[in-house]
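Raw run.cif, mmCIF, N, CA and C atoms:
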data_entry
loop_
_atom_site.label_atom_id
_atom_site.label_comp_id
_atom_site.auth_asym_id
_atom_site.auth_seq_id
_atom_site.Cartn_x
_atom_site.Cartn_y
_atom_site.Cartn_z
N LYS A 1 22.11 -6.69 22.30
CA LYS A 1 22.17 -6.82 20.86
C LYS A 1 23.29 -5.95 20.30
N ASP A 2 23.86 -6.40 19.21
CA ASP A 2 24.90 -5.62 18.55
C ASP A 2 24.32 -4.51 17.68
N VAL A 3 23.08 -4.70 17.21
CA VAL A 3 22.44 -3.74 16.31
C VAL A 3 21.14 -3.25 16.92
N GLN A 4 20.94 -1.94 16.89
CA GLN A 4 19.69 -1.37 17.39
C GLN A 4 18.64 -1.47 16.28
N GLU A 5 17.56 -2.18 16.53
CA GLU A 5 16.52 -2.39 15.52
C GLU A 5 15.30 -1.53 15.75
N ASP A 6 15.28 -0.73 16.79
CA ASP A 6 14.13 0.11 17.10
C ASP A 6 14.35 1.51 16.53
N ARG A 7 13.25 2.17 16.21
CA ARG A 7 13.31 3.52 15.67
C ARG A 7 12.14 4.32 16.24
N PHE A 8 12.21 5.64 16.08
CA PHE A 8 11.10 6.50 16.46
C PHE A 8 10.97 7.61 15.43
N MET A 9 9.77 8.15 15.32
CA MET A 9 9.47 9.28 14.43
C MET A 9 8.80 10.33 15.31
N LEU A 10 9.48 11.44 15.52
CA LEU A 10 8.95 12.47 16.43
C LEU A 10 8.28 13.63 15.72
N ASP A 11 8.50 13.78 14.46
CA ASP A 11 8.07 15.01 13.80
C ASP A 11 7.14 14.76 12.62
N ILE A 12 6.18 13.89 12.79
CA ILE A 12 5.22 13.65 11.72
C ILE A 12 4.34 14.89 11.57
N GLN A 13 4.31 15.45 10.38
CA GLN A 13 3.50 16.63 10.08
C GLN A 13 2.68 16.33 8.83
N LEU A 14 1.37 16.35 8.95
CA LEU A 14 0.48 16.09 7.84
C LEU A 14 -0.48 17.26 7.68
N GLU A 15 -1.17 17.29 6.54
CA GLU A 15 -2.17 18.33 6.31
C GLU A 15 -3.47 17.66 5.90
N SER A 16 -4.56 18.07 6.52
CA SER A 16 -5.88 17.54 6.18
C SER A 16 -6.33 18.13 4.85
N PRO A 17 -7.37 17.57 4.24
CA PRO A 17 -7.88 18.12 2.98
C PRO A 17 -8.26 19.60 3.08
N GLU A 18 -8.69 20.04 4.28
CA GLU A 18 -9.07 21.44 4.47
C GLU A 18 -7.90 22.33 4.88
N GLY A 19 -6.71 21.75 5.03
CA GLY A 19 -5.54 22.53 5.40
C GLY A 19 -5.20 22.54 6.88
N HIS A 20 -5.89 21.74 7.70
CA HIS A 20 -5.59 21.67 9.12
C HIS A 20 -4.32 20.85 9.35
N THR A 21 -3.55 21.21 10.36
CA THR A 21 -2.34 20.48 10.69
C THR A 21 -2.67 19.25 11.52
N ILE A 22 -2.05 18.14 11.15
CA ILE A 22 -2.12 16.89 11.90
C ILE A 22 -0.69 16.59 12.32
N ALA A 23 -0.47 16.46 13.61
CA ALA A 23 0.88 16.19 14.13
C ALA A 23 0.92 14.79 14.73
N GLY A 24 2.08 14.19 14.72
CA GLY A 24 2.14 12.85 15.27
C GLY A 24 3.54 12.37 15.58
N PHE A 25 3.58 11.17 16.14
CA PHE A 25 4.84 10.51 16.42
C PHE A 25 4.61 9.01 16.36
N GLY A 26 5.70 8.27 16.21
CA GLY A 26 5.60 6.82 16.15
C GLY A 26 6.79 6.18 16.82
N VAL A 27 6.57 4.98 17.34
CA VAL A 27 7.63 4.17 17.94
C VAL A 27 7.60 2.83 17.22
N LEU A 28 8.75 2.41 16.70
CA LEU A 28 8.86 1.18 15.92
C LEU A 28 9.73 0.18 16.67
N ASP A 29 9.26 -1.05 16.76
CA ASP A 29 9.99 -2.14 17.41
C ASP A 29 10.40 -3.13 16.33
N GLY A 30 11.63 -3.00 15.84
CA GLY A 30 12.11 -3.83 14.75
C GLY A 30 12.45 -5.24 15.20
N HIS A 31 12.30 -6.18 14.26
CA HIS A 31 12.59 -7.59 14.52
C HIS A 31 13.46 -8.14 13.40
N SER A 32 14.47 -8.89 13.75
CA SER A 32 15.32 -9.64 12.80
C SER A 32 16.05 -8.75 11.80
N GLY A 33 16.33 -7.53 12.16
CA GLY A 33 17.06 -6.62 11.29
C GLY A 33 16.45 -5.23 11.32
N SER A 34 17.13 -4.29 10.66
CA SER A 34 16.67 -2.90 10.70
C SER A 34 16.14 -2.39 9.36
N LEU A 35 16.12 -3.21 8.33
CA LEU A 35 15.63 -2.74 7.02
C LEU A 35 14.15 -2.35 7.06
N CYS A 36 13.34 -3.12 7.75
CA CYS A 36 11.90 -2.82 7.81
C CYS A 36 11.64 -1.52 8.57
N VAL A 37 12.24 -1.38 9.75
CA VAL A 37 12.00 -0.15 10.53
C VAL A 37 12.53 1.07 9.80
N ASP A 38 13.65 0.92 9.10
CA ASP A 38 14.17 2.05 8.33
C ASP A 38 13.20 2.40 7.20
N HIS A 39 12.64 1.40 6.54
CA HIS A 39 11.67 1.65 5.47
C HIS A 39 10.44 2.39 6.01
N ILE A 40 9.93 1.95 7.15
CA ILE A 40 8.76 2.60 7.74
C ILE A 40 9.08 4.04 8.11
N ALA A 41 10.20 4.24 8.79
CA ALA A 41 10.59 5.58 9.22
C ALA A 41 10.77 6.52 8.03
N GLU A 42 11.24 5.99 6.91
CA GLU A 42 11.49 6.82 5.72
C GLU A 42 10.25 7.04 4.86
N ASN A 43 9.26 6.15 4.92
CA ASN A 43 8.15 6.20 3.96
C ASN A 43 6.76 6.39 4.54
N LEU A 44 6.56 6.11 5.82
CA LEU A 44 5.20 6.16 6.36
C LEU A 44 4.58 7.55 6.29
N GLN A 45 5.33 8.58 6.61
CA GLN A 45 4.75 9.92 6.60
C GLN A 45 4.26 10.31 5.21
N ALA A 46 5.03 10.05 4.19
CA ALA A 46 4.61 10.37 2.82
C ALA A 46 3.37 9.56 2.44
N ASN A 47 3.33 8.30 2.83
CA ASN A 47 2.16 7.47 2.52
C ASN A 47 0.93 7.94 3.29
N LEU A 48 1.12 8.36 4.54
CA LEU A 48 0.00 8.92 5.30
C LEU A 48 -0.56 10.16 4.60
N GLN A 49 0.33 11.02 4.12
CA GLN A 49 -0.13 12.24 3.45
C GLN A 49 -0.86 11.91 2.16
N LYS A 50 -0.34 10.95 1.38
CA LYS A 50 -1.03 10.53 0.15
C LYS A 50 -2.44 10.05 0.45
N CYS A 51 -2.57 9.22 1.47
CA CYS A 51 -3.88 8.66 1.82
C CYS A 51 -4.80 9.72 2.39
N MET A 52 -4.27 10.66 3.17
CA MET A 52 -5.09 11.73 3.75
C MET A 52 -5.63 12.63 2.65
N ARG A 53 -4.83 12.86 1.58
CA ARG A 53 -5.27 13.71 0.47
C ARG A 53 -6.48 13.16 -0.26
N THR A 54 -6.69 11.83 -0.17
CA THR A 54 -7.82 11.22 -0.89
C THR A 54 -9.13 11.34 -0.12
N LYS A 55 -9.07 11.83 1.10
CA LYS A 55 -10.28 11.93 1.94
C LYS A 55 -10.94 13.29 1.72
N PRO A 56 -12.26 13.34 1.78
CA PRO A 56 -12.96 14.61 1.54
C PRO A 56 -12.87 15.60 2.69
N SER A 57 -12.64 15.11 3.92
CA SER A 57 -12.63 16.01 5.07
C SER A 57 -11.91 15.34 6.25
N LEU A 58 -11.69 16.11 7.28
CA LEU A 58 -11.01 15.63 8.49
C LEU A 58 -12.06 15.13 9.48
N THR A 59 -12.28 13.83 9.48
CA THR A 59 -13.19 13.19 10.44
C THR A 59 -12.46 12.01 11.06
N ASP A 60 -12.98 11.51 12.17
CA ASP A 60 -12.38 10.33 12.81
C ASP A 60 -12.31 9.17 11.82
N GLU A 61 -13.37 8.96 11.08
CA GLU A 61 -13.42 7.84 10.13
C GLU A 61 -12.39 8.01 9.03
N HIS A 62 -12.22 9.23 8.54
CA HIS A 62 -11.26 9.46 7.45
C HIS A 62 -9.82 9.34 7.95
N VAL A 63 -9.53 9.81 9.15
CA VAL A 63 -8.18 9.67 9.70
C VAL A 63 -7.87 8.19 9.91
N THR A 64 -8.82 7.45 10.47
CA THR A 64 -8.64 6.02 10.70
C THR A 64 -8.39 5.30 9.37
N ALA A 65 -9.20 5.59 8.37
CA ALA A 65 -9.04 4.95 7.06
C ALA A 65 -7.69 5.29 6.44
N ALA A 66 -7.26 6.55 6.54
CA ALA A 66 -5.98 6.96 5.97
C ALA A 66 -4.83 6.22 6.65
N VAL A 67 -4.90 6.05 7.97
CA VAL A 67 -3.85 5.32 8.69
C VAL A 67 -3.83 3.86 8.25
N GLN A 68 -4.99 3.23 8.17
CA GLN A 68 -5.04 1.83 7.74
C GLN A 68 -4.49 1.67 6.32
N GLU A 69 -4.89 2.55 5.42
CA GLU A 69 -4.42 2.49 4.04
C GLU A 69 -2.92 2.73 3.94
N ALA A 70 -2.42 3.71 4.68
CA ALA A 70 -0.98 4.04 4.63
C ALA A 70 -0.14 2.91 5.22
N CYS A 71 -0.62 2.28 6.29
CA CYS A 71 0.11 1.14 6.86
C CYS A 71 0.15 -0.02 5.88
N ALA A 72 -0.96 -0.30 5.22
CA ALA A 72 -1.01 -1.38 4.23
C ALA A 72 -0.10 -1.06 3.05
N MET A 73 -0.09 0.18 2.60
CA MET A 73 0.75 0.60 1.48
C MET A 73 2.23 0.46 1.83
N THR A 74 2.60 0.94 3.01
CA THR A 74 3.99 0.88 3.46
C THR A 74 4.43 -0.57 3.63
N ASP A 75 3.54 -1.40 4.17
CA ASP A 75 3.83 -2.82 4.34
C ASP A 75 4.04 -3.50 2.99
N GLU A 76 3.17 -3.24 2.05
CA GLU A 76 3.28 -3.88 0.73
C GLU A 76 4.56 -3.45 0.02
N GLU A 77 4.91 -2.17 0.12
CA GLU A 77 6.16 -1.69 -0.47
C GLU A 77 7.35 -2.44 0.10
N PHE A 78 7.35 -2.61 1.42
CA PHE A 78 8.47 -3.31 2.04
C PHE A 78 8.48 -4.79 1.69
N LEU A 79 7.31 -5.42 1.64
CA LEU A 79 7.25 -6.85 1.33
C LEU A 79 7.79 -7.15 -0.06
N ILE A 80 7.57 -6.28 -1.01
CA ILE A 80 8.14 -6.46 -2.36
C ILE A 80 9.65 -6.51 -2.27
N ARG A 81 10.22 -5.56 -1.55
CA ARG A 81 11.68 -5.50 -1.37
C ARG A 81 12.18 -6.70 -0.58
N ALA A 82 11.47 -7.06 0.49
CA ALA A 82 11.90 -8.18 1.34
C ALA A 82 11.92 -9.49 0.57
N ARG A 83 10.92 -9.70 -0.29
CA ARG A 83 10.88 -10.93 -1.10
C ARG A 83 12.06 -10.97 -2.08
N GLN A 84 12.36 -9.82 -2.68
CA GLN A 84 13.47 -9.76 -3.63
C GLN A 84 14.80 -10.04 -2.94
N MET A 85 14.97 -9.52 -1.73
CA MET A 85 16.23 -9.67 -0.99
C MET A 85 16.24 -10.93 -0.12
N GLU A 86 15.10 -11.60 -0.03
CA GLU A 86 14.95 -12.79 0.81
C GLU A 86 15.35 -12.51 2.27
N ILE A 87 14.74 -11.47 2.82
CA ILE A 87 14.98 -11.11 4.21
C ILE A 87 13.71 -11.29 5.02
N LEU A 88 13.87 -11.41 6.33
CA LEU A 88 12.73 -11.67 7.22
C LEU A 88 12.52 -10.55 8.23
N ASP A 89 13.03 -9.36 7.97
CA ASP A 89 12.85 -8.23 8.88
C ASP A 89 11.37 -7.94 9.08
N GLY A 90 11.05 -7.36 10.23
CA GLY A 90 9.68 -6.95 10.50
C GLY A 90 9.68 -5.85 11.54
N SER A 91 8.50 -5.39 11.89
CA SER A 91 8.38 -4.35 12.89
C SER A 91 6.95 -4.29 13.43
N THR A 92 6.83 -3.91 14.68
CA THR A 92 5.55 -3.50 15.23
C THR A 92 5.61 -1.98 15.37
N MET A 93 4.48 -1.36 15.65
CA MET A 93 4.48 0.10 15.70
C MET A 93 3.36 0.64 16.57
N ILE A 94 3.65 1.73 17.22
CA ILE A 94 2.65 2.58 17.86
C ILE A 94 2.70 3.91 17.11
N LEU A 95 1.56 4.35 16.62
CA LEU A 95 1.47 5.61 15.90
C LEU A 95 0.40 6.46 16.58
N ALA A 96 0.73 7.69 16.90
CA ALA A 96 -0.23 8.61 17.50
C ALA A 96 -0.33 9.86 16.62
N LEU A 97 -1.56 10.23 16.27
CA LEU A 97 -1.81 11.44 15.49
C LEU A 97 -2.76 12.34 16.26
N VAL A 98 -2.42 13.60 16.36
CA VAL A 98 -3.24 14.60 17.05
C VAL A 98 -3.77 15.57 15.99
N TYR A 99 -5.09 15.79 16.02
CA TYR A 99 -5.70 16.63 15.00
C TYR A 99 -6.85 17.41 15.61
N PRO A 100 -7.18 18.57 15.01
CA PRO A 100 -8.25 19.39 15.58
C PRO A 100 -9.62 18.78 15.34
N GLN A 101 -10.50 19.00 16.28
CA GLN A 101 -11.90 18.59 16.10
C GLN A 101 -12.55 19.65 15.23
N VAL A 102 -12.87 19.28 14.01
CA VAL A 102 -13.50 20.24 13.11
C VAL A 102 -14.99 19.95 12.93
N GLU A 103 -15.40 18.73 13.29
CA GLU A 103 -16.83 18.40 13.25
C GLU A 103 -17.51 19.04 14.45
N PRO A 104 -18.75 19.47 14.31
CA PRO A 104 -19.46 19.98 15.49
C PRO A 104 -19.60 18.85 16.51
N PRO A 105 -19.37 19.14 17.80
CA PRO A 105 -19.52 18.10 18.81
C PRO A 105 -20.96 17.61 18.88
N ALA A 106 -21.12 16.35 19.23
CA ALA A 106 -22.46 15.79 19.42
C ALA A 106 -23.15 16.55 20.54
N SER A 107 -24.47 16.56 20.54
CA SER A 107 -25.22 17.32 21.53
C SER A 107 -24.94 16.85 22.96
N ASP A 108 -24.59 15.57 23.13
CA ASP A 108 -24.31 15.05 24.47
C ASP A 108 -22.82 15.08 24.80
N SER A 109 -22.01 15.75 23.98
CA SER A 109 -20.56 15.77 24.18
C SER A 109 -20.15 16.85 25.18
N THR A 110 -19.09 16.57 25.91
CA THR A 110 -18.54 17.56 26.84
C THR A 110 -17.37 18.31 26.20
N ARG A 111 -17.05 18.00 24.95
CA ARG A 111 -15.94 18.66 24.28
C ARG A 111 -16.30 20.10 23.97
N THR A 112 -15.31 20.95 24.08
CA THR A 112 -15.50 22.35 23.74
C THR A 112 -14.94 22.60 22.34
N PRO A 113 -15.48 23.56 21.63
CA PRO A 113 -14.95 23.87 20.31
C PRO A 113 -13.46 24.22 20.40
N GLY A 114 -12.70 23.80 19.41
CA GLY A 114 -11.27 24.08 19.39
C GLY A 114 -10.41 23.01 20.03
N CYS A 115 -11.03 21.98 20.57
CA CYS A 115 -10.22 20.94 21.20
C CYS A 115 -9.64 20.01 20.14
N CYS A 116 -8.70 19.19 20.55
CA CYS A 116 -8.05 18.25 19.64
C CYS A 116 -8.45 16.82 19.97
N LYS A 117 -8.25 15.96 18.99
CA LYS A 117 -8.48 14.53 19.15
C LYS A 117 -7.17 13.80 18.92
N MET A 118 -7.10 12.57 19.41
CA MET A 118 -5.91 11.76 19.18
C MET A 118 -6.33 10.38 18.71
N LEU A 119 -5.69 9.92 17.65
CA LEU A 119 -5.87 8.55 17.19
C LEU A 119 -4.58 7.82 17.52
N VAL A 120 -4.68 6.68 18.17
CA VAL A 120 -3.51 5.84 18.45
C VAL A 120 -3.71 4.51 17.75
N ALA A 121 -2.76 4.16 16.89
CA ALA A 121 -2.80 2.90 16.16
C ALA A 121 -1.73 1.97 16.72
N CYS A 122 -2.13 0.76 17.06
CA CYS A 122 -1.21 -0.26 17.55
C CYS A 122 -1.10 -1.32 16.46
N VAL A 123 0.06 -1.46 15.86
CA VAL A 123 0.29 -2.41 14.78
C VAL A 123 1.17 -3.53 15.31
N GLY A 124 0.69 -4.76 15.21
CA GLY A 124 1.43 -5.88 15.79
C GLY A 124 1.13 -5.98 17.27
N ASP A 125 2.11 -6.43 18.04
CA ASP A 125 1.88 -6.64 19.47
C ASP A 125 2.32 -5.47 20.34
N SER A 126 2.63 -4.33 19.74
CA SER A 126 2.95 -3.13 20.52
C SER A 126 1.67 -2.51 21.05
N ARG A 127 1.73 -1.98 22.24
CA ARG A 127 0.58 -1.33 22.86
C ARG A 127 1.02 -0.01 23.50
N ALA A 128 0.11 0.93 23.54
CA ALA A 128 0.37 2.22 24.16
C ALA A 128 -0.52 2.38 25.38
N VAL A 129 0.00 3.05 26.38
CA VAL A 129 -0.76 3.35 27.59
C VAL A 129 -0.74 4.87 27.76
N MET A 130 -1.91 5.46 27.88
CA MET A 130 -1.99 6.90 28.06
C MET A 130 -2.18 7.20 29.55
N CYS A 131 -1.36 8.10 30.04
CA CYS A 131 -1.43 8.48 31.46
C CYS A 131 -1.57 9.99 31.56
N GLN A 132 -2.10 10.42 32.66
CA GLN A 132 -2.21 11.83 32.94
C GLN A 132 -1.47 12.08 34.25
N ALA A 133 -0.61 13.06 34.24
CA ALA A 133 0.14 13.37 35.45
C ALA A 133 -0.81 13.93 36.51
N ALA A 134 -0.64 13.47 37.71
CA ALA A 134 -1.45 13.97 38.82
C ALA A 134 -0.68 15.09 39.50
N ASN A 135 -1.40 16.03 40.04
CA ASN A 135 -0.75 17.09 40.81
C ASN A 135 -0.26 16.51 42.11
N VAL A 136 0.99 16.73 42.42
CA VAL A 136 1.58 16.23 43.65
C VAL A 136 1.79 17.41 44.58
N GLU A 137 1.23 17.31 45.76
CA GLU A 137 1.39 18.39 46.73
C GLU A 137 2.76 18.24 47.40
N SER A 138 3.47 19.33 47.50
CA SER A 138 4.77 19.28 48.17
C SER A 138 4.57 19.32 49.68
N GLU A 139 5.45 18.68 50.37
CA GLU A 139 5.32 18.62 51.84
C GLU A 139 6.13 19.71 52.48
#
Mind turning this structure into structure tokens?
Amino acid sequence: KDVQEDRFMLDIQLESPEGHTIAGFGVLDGHSGSLCVDHIAENLQANLQKCMRTKPSLTDEHVTAAVQEACAMTDEEFLIRARQMEILDGSTMILALVYPQVEPPASDSTRTPGCCKMLVACVGDSRAVMCQAANVESE
């Protein structure tokens, strides 16, 4: 391709309603142009923060809802512009957010206090695979 339509966001920094840090990154797979991926890269973090501010606390449900709301908001903002410009740009996305577990663990949980959680959102046909490095014995 003559034009690179993919983008990434490595430094997503959000704050929960209680002041906890939420860190994240995203990978965008642009289609038919770069206007959509540029819009997402420039606006998603601010929209995530707006949506997170409306939640009463940092829970799995609230993080999930904030991500869904922010993605819908960012999409609608871009669609208004795309209709005006009559463009067909699009994007898929993988978004990962890491945040502290602030809820008490369930009684049957093996999680220890102070651990973190990760939410991974797959938008469109992009998918993420999580791997753990194995220890390799040297010969």
Next on the checklist: Report as a PyMOL selection string all protein, DNA and RNA residues lying within 7 Å of Tyr99 (chain A), evaluated on only C-alpha atoms, omitting residues in the same chain fewer than 6 positions from it.
Outcome noted: chain A and resi 21-23+116-118
Next on the checklist: I'd like to know which residues of region 2-139 of chain A are alpha helix (DSSP H) (by DSSP, run on the backbone); could you write them as a PyMOL selection string?
Outcome noted: chain A and resi 35-53+60-85
Enclose region 7-20 of chain A, meaning all of its atoms listed in the file, in a box aligned along x, y and z, pad it by 3 Å on each side, and list the centre and edge lengths in Å to one decimal, as lines of an AutoDock Vina configuration file.
center_x = 2.1
center_y = 12.4
center_z = 9.7
size_x = 28.4
size_y = 26.4
size_z = 19.5
Residue members of the PyMOL selection byres ((chain A and resi 11-16) around 8) in the file shown, as an mmCIF file with N, CA and C atoms, in the frame of the given file:
data_model
loop_
_atom_site.group_PDB
_atom_site.id
_atom_site.type_symbol
_atom_site.label_atom_id
_atom_site.label_comp_id
_atom_site.auth_asym_id
_atom_site.auth_seq_id
_atom_site.Cartn_x
_atom_site.Cartn_y
_atom_site.Cartn_z
ATOM 1 N N PHE A 8 12.210 5.640 16.080
ATOM 2 C CA PHE A 8 11.100 6.500 16.460
ATOM 3 C C PHE A 8 10.970 7.610 15.430
ATOM 4 N N MET A 9 9.770 8.150 15.320
ATOM 5 C CA MET A 9 9.470 9.280 14.430
ATOM 6 C C MET A 9 8.800 10.330 15.310
ATOM 7 N N LEU A 10 9.480 11.440 15.520
ATOM 8 C CA LEU A 10 8.950 12.470 16.430
ATOM 9 C C LEU A 10 8.280 13.630 15.720
ATOM 10 N N PRO A 17 -7.370 17.570 4.240
ATOM 11 C CA PRO A 17 -7.880 18.120 2.980
ATOM 12 C C PRO A 17 -8.260 19.600 3.080
ATOM 13 N N GLU A 18 -8.690 20.040 4.280
ATOM 14 C CA GLU A 18 -9.070 21.440 4.470
ATOM 15 C C GLU A 18 -7.900 22.330 4.880
ATOM 16 N N GLY A 19 -6.710 21.750 5.030
ATOM 17 C CA GLY A 19 -5.540 22.530 5.400
ATOM 18 C C GLY A 19 -5.200 22.540 6.880
ATOM 19 N N HIS A 20 -5.890 21.740 7.700
ATOM 20 C CA HIS A 20 -5.590 21.670 9.120
ATOM 21 C C HIS A 20 -4.320 20.850 9.350
ATOM 22 N N THR A 21 -3.550 21.210 10.360
ATOM 23 C CA THR A 21 -2.340 20.480 10.690
ATOM 24 C C THR A 21 -2.670 19.250 11.520
ATOM 25 N N ILE A 22 -2.050 18.140 11.150
ATOM 26 C CA ILE A 22 -2.120 16.890 11.900
ATOM 27 C C ILE A 22 -0.690 16.590 12.320
ATOM 28 N N ALA A 23 -0.470 16.460 13.610
ATOM 29 C CA ALA A 23 0.880 16.190 14.130
ATOM 30 C C ALA A 23 0.920 14.790 14.730
ATOM 31 N N GLY A 24 2.080 14.190 14.720
ATOM 32 C CA GLY A 24 2.140 12.850 15.270
ATOM 33 C C GLY A 24 3.540 12.370 15.580
ATOM 34 N N PHE A 25 3.580 11.170 16.140
ATOM 35 C CA PHE A 25 4.840 10.510 16.420
ATOM 36 C C PHE A 25 4.610 9.010 16.360
ATOM 37 N N GLY A 26 5.700 8.270 16.210
ATOM 38 C CA GLY A 26 5.600 6.820 16.150
ATOM 39 C C GLY A 26 6.790 6.180 16.820
ATOM 40 N N GLN A 45 5.330 8.580 6.610
ATOM 41 C CA GLN A 45 4.750 9.920 6.600
ATOM 42 C C GLN A 45 4.260 10.310 5.210
ATOM 43 N N LEU A 48 1.120 8.360 4.540
ATOM 44 C CA LEU A 48 0.000 8.920 5.300
ATOM 45 C C LEU A 48 -0.560 10.160 4.600
ATOM 46 N N GLN A 49 0.330 11.020 4.120
ATOM 47 C CA GLN A 49 -0.130 12.240 3.450
ATOM 48 C C GLN A 49 -0.860 11.910 2.160
ATOM 49 N N MET A 52 -4.270 10.660 3.170
ATOM 50 C CA MET A 52 -5.090 11.730 3.750
ATOM 51 C C MET A 52 -5.630 12.630 2.650
ATOM 52 N N ARG A 53 -4.830 12.860 1.580
ATOM 53 C CA ARG A 53 -5.270 13.710 0.470
ATOM 54 C C ARG A 53 -6.480 13.160 -0.260
ATOM 55 N N LYS A 55 -9.070 11.830 1.100
ATOM 56 C CA LYS A 55 -10.280 11.930 1.940
ATOM 57 C C LYS A 55 -10.940 13.290 1.720
ATOM 58 N N PRO A 56 -12.260 13.340 1.780
ATOM 59 C CA PRO A 56 -12.960 14.610 1.540
ATOM 60 C C PRO A 56 -12.870 15.600 2.690
ATOM 61 N N SER A 57 -12.640 15.110 3.920
ATOM 62 C CA SER A 57 -12.630 16.010 5.070
ATOM 63 C C SER A 57 -11.910 15.340 6.250
ATOM 64 N N LEU A 58 -11.690 16.110 7.280
ATOM 65 C CA LEU A 58 -11.010 15.630 8.490
ATOM 66 C C LEU A 58 -12.060 15.130 9.480
#
Next on the checklist: If I take atom N of Cys36 (chain A) and CA of Cys71 (chain A), how far is one from the other in Å, to one decimal?
Outcome noted: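 Atom-to-atom, atom N of Cys36 (chain A) to CA of Cys71 (chain A), that is 13.9 Å.
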Item to check | Interatomic distance, CA of Gln68 (chain A) to CA of Ala121 (chain A) (Å, one decimal) | outcome: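 Spanning CA of Gln68 (chain A) to CA of Ala121 (chain A) is a straight-line distance of 8.8 Å.
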Next on the checklist: Can you pull out every residue from chain A that DSSP, working from the backbone, puts in strand (DSSP E or B), and format the result as a PyMOL selection string?
Outcome noted: chain A and resi 6-15+21-31+90-100+116-123
Next on the checklist: Between CA of Ala65 (chain A) and atom N of Ser126 (chain A), what is the distance in Å, rounded to a tenth?
Outcome noted: 19.6 Å
Checklist entry - Expanded to explicit residues, what is the PyMOL selection byres ((chain A and resi 86-94) around 6.5) for this file, as a PyMOL selection string? => result chain A and resi 25-37+81-85+95-96+120-128
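You can rank A:Asp60, A:Glu103, A:Glu42, A:Asp6 by their closest distance to Phe78 (chain A) using only C-alpha atoms, and at the top of that list sits A:Glu42.
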Item to check | Option closest in space to Val67 (chain A), from A:Cys131, A:Leu44, A:Cys115, A:Val3 [counting only C-alpha atoms] | outcome: A:Leu44
Repaired coordinates for region 65-76 of chain A (N, CA, C and O atoms) as a PDB file, in the coordinates of the input:
ATOM      1  N   ALA A  65      -9.200   5.590   8.370  1.00  0.00           N
ATOM      2  CA  ALA A  65      -9.040   4.950   7.060  1.00  0.00           C
ATOM      3  C   ALA A  65      -7.690   5.290   6.440  1.00  0.00           C
ATOM      4  O   ALA A  65      -7.009   4.416   5.875  1.00  0.00           O
ATOM      5  N   ALA A  66      -7.260   6.550   6.540  1.00  0.00           N
ATOM      6  CA  ALA A  66      -5.980   6.960   5.970  1.00  0.00           C
ATOM      7  C   ALA A  66      -4.830   6.220   6.650  1.00  0.00           C
ATOM      8  O   ALA A  66      -3.877   5.786   5.985  1.00  0.00           O
ATOM      9  N   VAL A  67      -4.900   6.050   7.970  1.00  0.00           N
ATOM     10  CA  VAL A  67      -3.850   5.320   8.690  1.00  0.00           C
ATOM     11  C   VAL A  67      -3.830   3.860   8.250  1.00  0.00           C
ATOM     12  O   VAL A  67      -2.765   3.297   7.973  1.00  0.00           O
ATOM     13  N   GLN A  68      -4.990   3.230   8.170  1.00  0.00           N
ATOM     14  CA  GLN A  68      -5.040   1.830   7.740  1.00  0.00           C
ATOM     15  C   GLN A  68      -4.490   1.670   6.320  1.00  0.00           C
ATOM     16  O   GLN A  68      -3.702   0.758   6.050  1.00  0.00           O
ATOM     17  N   GLU A  69      -4.890   2.550   5.420  1.00  0.00           N
ATOM     18  CA  GLU A  69      -4.420   2.490   4.040  1.00  0.00           C
ATOM     19  C   GLU A  69      -2.920   2.730   3.940  1.00  0.00           C
ATOM     20  O   GLU A  69      -2.209   2.043   3.200  1.00  0.00           O
ATOM     21  N   ALA A  70      -2.420   3.710   4.680  1.00  0.00           N
ATOM     22  CA  ALA A  70      -0.980   4.040   4.630  1.00  0.00           C
ATOM     23  C   ALA A  70      -0.140   2.910   5.220  1.00  0.00           C
ATOM     24  O   ALA A  70       0.941   2.598   4.698  1.00  0.00           O
ATOM     25  N   CYS A  71      -0.620   2.280   6.290  1.00  0.00           N
ATOM     26  CA  CYS A  71       0.110   1.140   6.860  1.00  0.00           C
ATOM     27  C   CYS A  71       0.150  -0.020   5.880  1.00  0.00           C
ATOM     28  O   CYS A  71       1.208  -0.639   5.682  1.00  0.00           O
ATOM     29  N   ALA A  72      -0.960  -0.300   5.220  1.00  0.00           N
ATOM     30  CA  ALA A  72      -1.010  -1.380   4.230  1.00  0.00           C
ATOM     31  C   ALA A  72      -0.100  -1.060   3.050  1.00  0.00           C
ATOM     32  O   ALA A  72       0.626  -1.938   2.558  1.00  0.00           O
ATOM     33  N   MET A  73      -0.090   0.180   2.600  1.00  0.00           N
ATOM     34  CA  MET A  73       0.750   0.600   1.480  1.00  0.00           C
ATOM     35  C   MET A  73       2.230   0.460   1.830  1.00  0.00           C
ATOM     36  O   MET A  73       3.026  -0.080   1.053  1.00  0.00           O
ATOM     37  N   THR A  74       2.600   0.940   3.010  1.00  0.00           N
ATOM     38  CA  THR A  74       3.990   0.880   3.460  1.00  0.00           C
ATOM     39  C   THR A  74       4.430  -0.570   3.630  1.00  0.00           C
ATOM     40  O   THR A  74       5.544  -0.944   3.250  1.00  0.00           O
ATOM     41  N   ASP A  75       3.540  -1.400   4.170  1.00  0.00           N
ATOM     42  CA  ASP A  75       3.830  -2.820   4.340  1.00  0.00           C
ATOM     43  C   ASP A  75       4.040  -3.500   2.990  1.00  0.00           C
ATOM     44  O   ASP A  75       5.020  -4.234   2.801  1.00  0.00           O
ATOM     45  N   GLU A  76       3.170  -3.240   2.050  1.00  0.00           N
ATOM     46  CA  GLU A  76       3.280  -3.880   0.730  1.00  0.00           C
ATOM     47  C   GLU A  76       4.560  -3.450   0.020  1.00  0.00           C
ATOM     48  O   GLU A  76       5.239  -4.270  -0.608  1.00  0.00           O
TER      49      GLU A  76
END
